[in-house]
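First the structure, in the form of structure tokens, and then the observations on it.
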Amino acid sequence: MNQPDVFAWDAPSLAEACRGRLRIGAAVNTWDLDEASPACAAIRRQFDILTLENESKPVNVQPEEGRFVFDKLDRFTDFGQKNGITLRGHTLVWHSQVPGWLFEGEDGAPASKEQLLSRMQAHIGTVVSRYRGKIATWDVLNEVLRDEGGLRESKWYKIAGRDYIPAAFQAAHEADPDARLLINDYNLESSEAKADTMAALVEELLRAGTPVGGIGLQMHLSLYTDLELLKKNVRKLAALRAFAPDLRLEVTELDVSCYRFDDTAEDLLWTDALETAFREKYAALFRFYGELADEGTLDTVVFWGLSDAVSWLNGFPRRHKNYPLLIGRGWRVKPAFYDVLALAGNKEAQS
């Protein structure tokens with residue numbers, strides 16, 4: 001069946017179709033929020049939850065100790081409040097895009113554990129308290145696990161050991177007791193070792209009373225992602241609700257690359273075969289997301305970017321033209337958009 005060729009702001013609203021079942025969002029930048037821009041028109045029509053893609057990461061918010069730069073986050077929160085859009089904060093603690101001064105002590109020596117934790121708590125407390133009641137969810141910890149399982153040996157870990165993990169959650173909770181606090185990571189759907197580590201870590205935190213509100217599944221996928229393994233690993237993490245019934249999963253950074261990760265090919269031609277595979281992958285994903293939503297396990301799906309034209313996957317892990325999102329170049333929605341729309345609010349379509 002041929003679907004109409006329409007712009008994202010003229011297409012049916014995916015957020016509206018999913019309302020009451022899933023919040024549908026995207027990662028944006030503050031330049032996307034200009035009132036007259038196509039990006040802003042697409043945001044208002046299609047999404048009811050937003051994440052700042054890069055501008056709220058620690059190096060941008062506190063580049064020097066004690067000097068906070070809030071103009072981008074202020075603009076983001078003002079836009080959310082004005083338009084009735086829920087907001088996510090990304091991210092408070094990460095091994096990347098973090099200012100070097102956090103880890104530096106006196107005379108070129110590394111910071112002490114006490115010094116690092118104090119700086120971390122001050123950063124989290126200042127940022128989260130400023131947006132208390134305005135940002136509903138925070139990715140408190142981002143990518144603390146190794147690809148092969150186990151904790152990442154970041155500077156955070158080398159200086160503070162495991163203690164920085166519960167301390168970060170506690171600082172965020174004290175700054176905003178009503179915010180949902182997540183631990184966010186990639187490849188949880190494709191690595192059993194990583195999913196096992198996450199499950200064990202979150203269980204440990206929950207048993208200790210740490211205020212973990214959810215697990216963020218980045219889900220940077222491809223046409224070649226094993227969906228059966230994805231479902232198995234996600235179910236393993238969903239089982240943690242036995243320890244905390246209010247725990248939720250969120251899909252935080254969804255995209256579906258048309259390349260394998262190690263693919264060195266030049267730009268792909270968009271063929272009918274690729275179109276079919278893309279549509280089938282998205283439909284299968286949203287059937288599963290619908291199952292999880294109906295169980296009360298998943299309530300948020302955020303795409304990492306607004307359209308193919310601005311996706312980070314055009315430049316990562318190498319430069320080539322990619323097609324990972326439901327909104328294509330030129331702001332036109334793809335046939336897969338209509339497939340997801342048909343599944344979004346229709347429980348019978350999930351079977």
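Lettering and numbering for the structure tokens are positional, with chains as A, B, ... in the shown order, residues counted from 1 in each chain, and ligands counted from 1 in the shown order.
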Extract the full set of strand (DSSP E) residues from segment 58-259 of chain A according to DSSP on the backbone, and format it as a short mmCIF file (atom, residue, chain, number, x, y, z; two decimals) with N, CA and C atoms, in the first residue's frame.
```cif
data_model
loop_
_atom_site.label_atom_id
_atom_site.label_comp_id
_atom_site.auth_asym_id
_atom_site.auth_seq_id
_atom_site.Cartn_x
_atom_site.Cartn_y
_atom_site.Cartn_z
N THR A 86 7.36 16.91 28.02
CA THR A 86 8.17 16.36 29.11
C THR A 86 9.65 16.37 28.70
N LEU A 87 10.53 16.58 29.68
CA LEU A 87 11.94 16.71 29.39
C LEU A 87 12.78 15.68 30.14
N ARG A 88 13.86 15.24 29.46
CA ARG A 88 14.85 14.34 30.06
C ARG A 88 16.18 15.08 30.16
N GLY A 89 16.92 14.85 31.23
CA GLY A 89 18.24 15.43 31.40
C GLY A 89 19.32 14.42 31.07
N HIS A 90 20.25 14.82 30.21
CA HIS A 90 21.29 13.90 29.72
C HIS A 90 22.61 14.65 29.65
N THR A 91 23.59 14.26 30.40
CA THR A 91 23.70 13.26 31.42
C THR A 91 24.51 13.87 32.56
N LEU A 92 24.45 13.33 33.76
CA LEU A 92 25.14 13.93 34.91
C LEU A 92 26.54 13.38 35.11
N VAL A 93 26.73 12.09 34.91
CA VAL A 93 28.05 11.47 35.10
C VAL A 93 28.35 10.60 33.89
N TRP A 94 29.47 10.88 33.23
CA TRP A 94 29.91 10.13 32.05
C TRP A 94 31.43 10.15 32.00
N THR A 137 13.13 13.41 34.17
CA THR A 137 13.98 12.22 34.21
C THR A 137 15.42 12.63 33.96
N TRP A 138 16.34 12.00 34.69
CA TRP A 138 17.77 12.26 34.49
C TRP A 138 18.49 10.95 34.18
N ASP A 139 19.33 10.97 33.16
CA ASP A 139 20.32 9.92 32.98
C ASP A 139 21.46 10.24 33.94
N VAL A 140 21.36 9.69 35.13
CA VAL A 140 22.33 10.02 36.18
C VAL A 140 23.70 9.49 35.80
N LEU A 141 23.75 8.23 35.42
CA LEU A 141 24.99 7.58 35.04
C LEU A 141 24.89 7.08 33.62
N ASN A 142 25.90 7.38 32.83
CA ASN A 142 25.89 7.00 31.42
C ASN A 142 27.12 6.14 31.10
N ARG A 180 12.66 10.89 38.04
CA ARG A 180 13.05 9.51 37.77
C ARG A 180 14.54 9.49 37.43
N LEU A 181 15.28 8.60 38.08
CA LEU A 181 16.73 8.56 37.95
C LEU A 181 17.16 7.26 37.29
N LEU A 182 17.87 7.40 36.17
CA LEU A 182 18.22 6.23 35.34
C LEU A 182 19.72 5.99 35.30
N ILE A 183 20.06 4.73 35.07
CA ILE A 183 21.39 4.32 34.65
C ILE A 183 21.25 3.90 33.19
N ASN A 184 22.04 4.49 32.32
CA ASN A 184 21.84 4.41 30.87
C ASN A 184 23.06 3.78 30.20
N ASP A 185 22.84 2.86 29.25
CA ASP A 185 23.99 2.24 28.58
C ASP A 185 23.59 1.69 27.23
N GLY A 214 15.08 3.60 37.07
CA GLY A 214 14.93 2.91 35.80
C GLY A 214 16.26 2.63 35.13
N ILE A 215 16.18 1.87 34.06
CA ILE A 215 17.34 1.53 33.24
C ILE A 215 17.10 2.09 31.85
N GLY A 216 18.07 2.85 31.36
CA GLY A 216 17.99 3.38 30.01
C GLY A 216 18.67 2.45 29.03
N LEU A 217 17.90 1.98 28.05
CA LEU A 217 18.42 1.13 26.98
C LEU A 217 18.65 2.04 25.77
N HIS A 220 21.07 1.69 20.11
CA HIS A 220 21.63 2.03 18.81
C HIS A 220 21.75 0.72 18.03
N LEU A 221 20.75 0.44 17.22
CA LEU A 221 20.60 -0.86 16.57
C LEU A 221 21.02 -0.78 15.11
N SER A 222 20.88 -1.90 14.42
CA SER A 222 21.11 -1.93 12.97
C SER A 222 20.11 -2.89 12.35
N ARG A 248 11.26 1.25 35.87
CA ARG A 248 10.84 1.26 34.48
C ARG A 248 12.04 1.18 33.56
N LEU A 249 11.81 0.61 32.40
CA LEU A 249 12.78 0.66 31.32
C LEU A 249 12.41 1.81 30.40
N GLU A 250 13.42 2.46 29.85
CA GLU A 250 13.21 3.48 28.82
C GLU A 250 14.15 3.17 27.65
N VAL A 251 13.63 3.29 26.44
CA VAL A 251 14.48 3.28 25.26
C VAL A 251 14.90 4.73 25.05
N THR A 252 16.19 5.00 25.20
CA THR A 252 16.64 6.38 25.34
C THR A 252 17.31 6.97 24.10
N GLU A 253 17.81 6.13 23.17
CA GLU A 253 18.62 6.67 22.07
C GLU A 253 18.41 5.84 20.79
N LEU A 254 17.19 5.59 20.45
CA LEU A 254 16.89 4.64 19.38
C LEU A 254 17.27 5.15 17.99
N ASP A 255 17.97 4.31 17.25
CA ASP A 255 18.13 4.45 15.81
C ASP A 255 18.48 3.08 15.24
N VAL A 256 18.27 2.92 13.95
CA VAL A 256 18.51 1.64 13.28
C VAL A 256 19.42 1.89 12.09
N SER A 257 20.71 1.67 12.28
CA SER A 257 21.67 1.89 11.21
C SER A 257 21.44 0.90 10.07
#
```
**OP:** Using only C-alpha atoms, determine which residues lie at most 10 Å from Tyr164 of chain A, disregarding the query and same-chain residues fewer than 3 positions distant; provide the list as a PyMOL selection string.
**Re:** chain A and resi 93+113+116-117+120-121+141+156-157+159-161+167-170
**OP:** Rank A:Val340, A:Ala293, A:Leu268, A:Leu285 by their smallest atom-to-atom distance to Ala238 of chain A, using only C-alpha atoms, and report the top residue only.
**Re:**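 Of all the options, A:Ala293 lies closest to Ala238 of chain A.
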**OP:** Quick one: pick out all alpha helix (DSSP H) residues within segment 210-334 of chain A from a backbone DSSP run and write them as number ranges by chain.
**Re:** A: 227-238, 272-295
Subject >> Selection near Ser311 of chain A, 9 Å with only C-alpha atoms, sequence-local residues under 5 positions removed, as an MDAnalysis selection string >> reply: chainID A and resid 255 304:306 322:325
Original post:
What is the distance between atom CA of Phe288 of chain A and atom CA of Tyr224 of chain A, in Å to one decimal?
Top reply: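 These two atoms are separated by 16.7 Å.
Across A:Gly330, A:Pro63, A:Pro211, A:Gly80, the tightest approach to Ile135 of chain A is made by A:Gly80 when counting only C-alpha atoms.
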**OP:** Give me the residues within 10 Å of Arg332 of chain A as a ChimeraX atom specification, counting only C-alpha atoms and dropping any in the same chain fewer than 4 places off.
**Re:** /A:4-11,42,307-308,326-328,337
Please save N, CA and C atoms of the selected residues as a PDB file, in the first residue's frame.
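This is the output file part.pdb:
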```
ATOM      1  N   PRO A   4       1.157   8.309   1.750  1.00  0.00           N
ATOM      2  CA  PRO A   4       1.339   9.675   1.247  1.00  0.00           C
ATOM      3  C   PRO A   4       2.723  10.206   1.581  1.00  0.00           C
ATOM      4  N   ASP A   5       3.263  10.999   0.667  1.00  0.00           N
ATOM      5  CA  ASP A   5       4.563  11.623   0.857  1.00  0.00           C
ATOM      6  C   ASP A   5       4.335  12.976   1.519  1.00  0.00           C
ATOM      7  N   VAL A   6       4.541  13.042   2.838  1.00  0.00           N
ATOM      8  CA  VAL A   6       4.222  14.262   3.572  1.00  0.00           C
ATOM      9  C   VAL A   6       5.364  14.649   4.496  1.00  0.00           C
ATOM     10  N   PHE A   7       5.389  15.925   4.842  1.00  0.00           N
ATOM     11  CA  PHE A   7       6.348  16.431   5.807  1.00  0.00           C
ATOM     12  C   PHE A   7       5.962  15.986   7.217  1.00  0.00           C
ATOM     13  N   ALA A   8       6.948  15.935   8.089  1.00  0.00           N
ATOM     14  CA  ALA A   8       6.715  15.452   9.454  1.00  0.00           C
ATOM     15  C   ALA A   8       5.683  16.283  10.195  1.00  0.00           C
ATOM     16  N   TRP A   9       5.595  17.581   9.901  1.00  0.00           N
ATOM     17  CA  TRP A   9       4.634  18.433  10.604  1.00  0.00           C
ATOM     18  C   TRP A   9       3.230  18.343  10.018  1.00  0.00           C
ATOM     19  N   ASP A  10       3.091  17.705   8.870  1.00  0.00           N
ATOM     20  CA  ASP A  10       1.768  17.490   8.284  1.00  0.00           C
ATOM     21  C   ASP A  10       1.270  16.055   8.480  1.00  0.00           C
ATOM     22  N   ALA A  11       2.168  15.163   8.862  1.00  0.00           N
ATOM     23  CA  ALA A  11       1.811  13.749   9.045  1.00  0.00           C
ATOM     24  C   ALA A  11       1.019  13.573  10.334  1.00  0.00           C
ATOM     25  N   ALA A  42       8.376  20.026  13.383  1.00  0.00           N
ATOM     26  CA  ALA A  42       8.342  18.570  13.496  1.00  0.00           C
ATOM     27  C   ALA A  42       8.279  18.134  14.951  1.00  0.00           C
ATOM     28  N   SER A 307      15.973  13.592  12.336  1.00  0.00           N
ATOM     29  CA  SER A 307      15.827  13.103  10.972  1.00  0.00           C
ATOM     30  C   SER A 307      17.136  12.485  10.506  1.00  0.00           C
ATOM     31  N   ASP A 308      17.048  11.731   9.408  1.00  0.00           N
ATOM     32  CA  ASP A 308      18.257  11.121   8.837  1.00  0.00           C
ATOM     33  C   ASP A 308      19.339  12.158   8.544  1.00  0.00           C
ATOM     34  N   LEU A 326      12.818   7.496  11.473  1.00  0.00           N
ATOM     35  CA  LEU A 326      11.527   7.448  10.779  1.00  0.00           C
ATOM     36  C   LEU A 326      11.250   8.699   9.958  1.00  0.00           C
ATOM     37  N   ILE A 327      11.980   9.768  10.230  1.00  0.00           N
ATOM     38  CA  ILE A 327      11.873  10.990   9.440  1.00  0.00           C
ATOM     39  C   ILE A 327      13.117  11.083   8.564  1.00  0.00           C
ATOM     40  N   GLY A 328      12.918  11.126   7.271  1.00  0.00           N
ATOM     41  CA  GLY A 328      14.029  11.102   6.349  1.00  0.00           C
ATOM     42  C   GLY A 328      14.566  12.483   6.020  1.00  0.00           C
ATOM     43  N   PHE A 337       7.343   4.860   9.145  1.00  0.00           N
ATOM     44  CA  PHE A 337       6.616   5.716  10.091  1.00  0.00           C
ATOM     45  C   PHE A 337       5.161   5.269  10.186  1.00  0.00           C
TER      46      PHE A 337
END
```
Original post:
Near Ala265 of chain A, within 12 Å and counting only C-alpha atoms, which residues show up once chain neighbours fewer than 5 positions away are dropped, as a VMD selection string?
Top reply: chain A and resid 258 to 260 317 to 322
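With only C-alpha atoms taken into account, the protein and nucleic acid residues at most 12 Å from Val69 of chain A (excluding it and anything under 4 positions from it in its own chain) are Glu55, Ser56, Lys57, Pro58, Val59, Asn60, Val61, Gln62, Pro63, Glu64, Glu65, Leu73, Asp74, Arg75, His123, Thr126, Val127 and Arg130 of chain A.
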Original post:
Quick one: of A:Leu201, A:Leu188, A:Leu274, A:Ile43, who's nearest to Arg235 of chain A, counting only C-alpha atoms?
Top reply: A:Leu188
Subject >> Selection near Glu275 of chain A, 10 Å with only C-alpha atoms, sequence-local residues under 3 positions removed, as a PyMOL selection string >> reply: chain A and resi 258+270-272+278-281+323+334-336
Subject >> Counting only C-alpha atoms, the option among A:Cys40, A:Leu343, A:Val98, A:Ile24 closest to Lys155 of chain A >> reply: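 Going through A:Cys40, A:Leu343, A:Val98, A:Ile24 one by one, the smallest distance to Lys155 of chain A is for A:Val98.
Of the residues listed (A:Asn187, A:Ser154, A:Thr30, A:Thr297), A:Thr30 shows the shortest atom-to-atom separation from Asp71 of chain A; distances use only C-alpha atoms.
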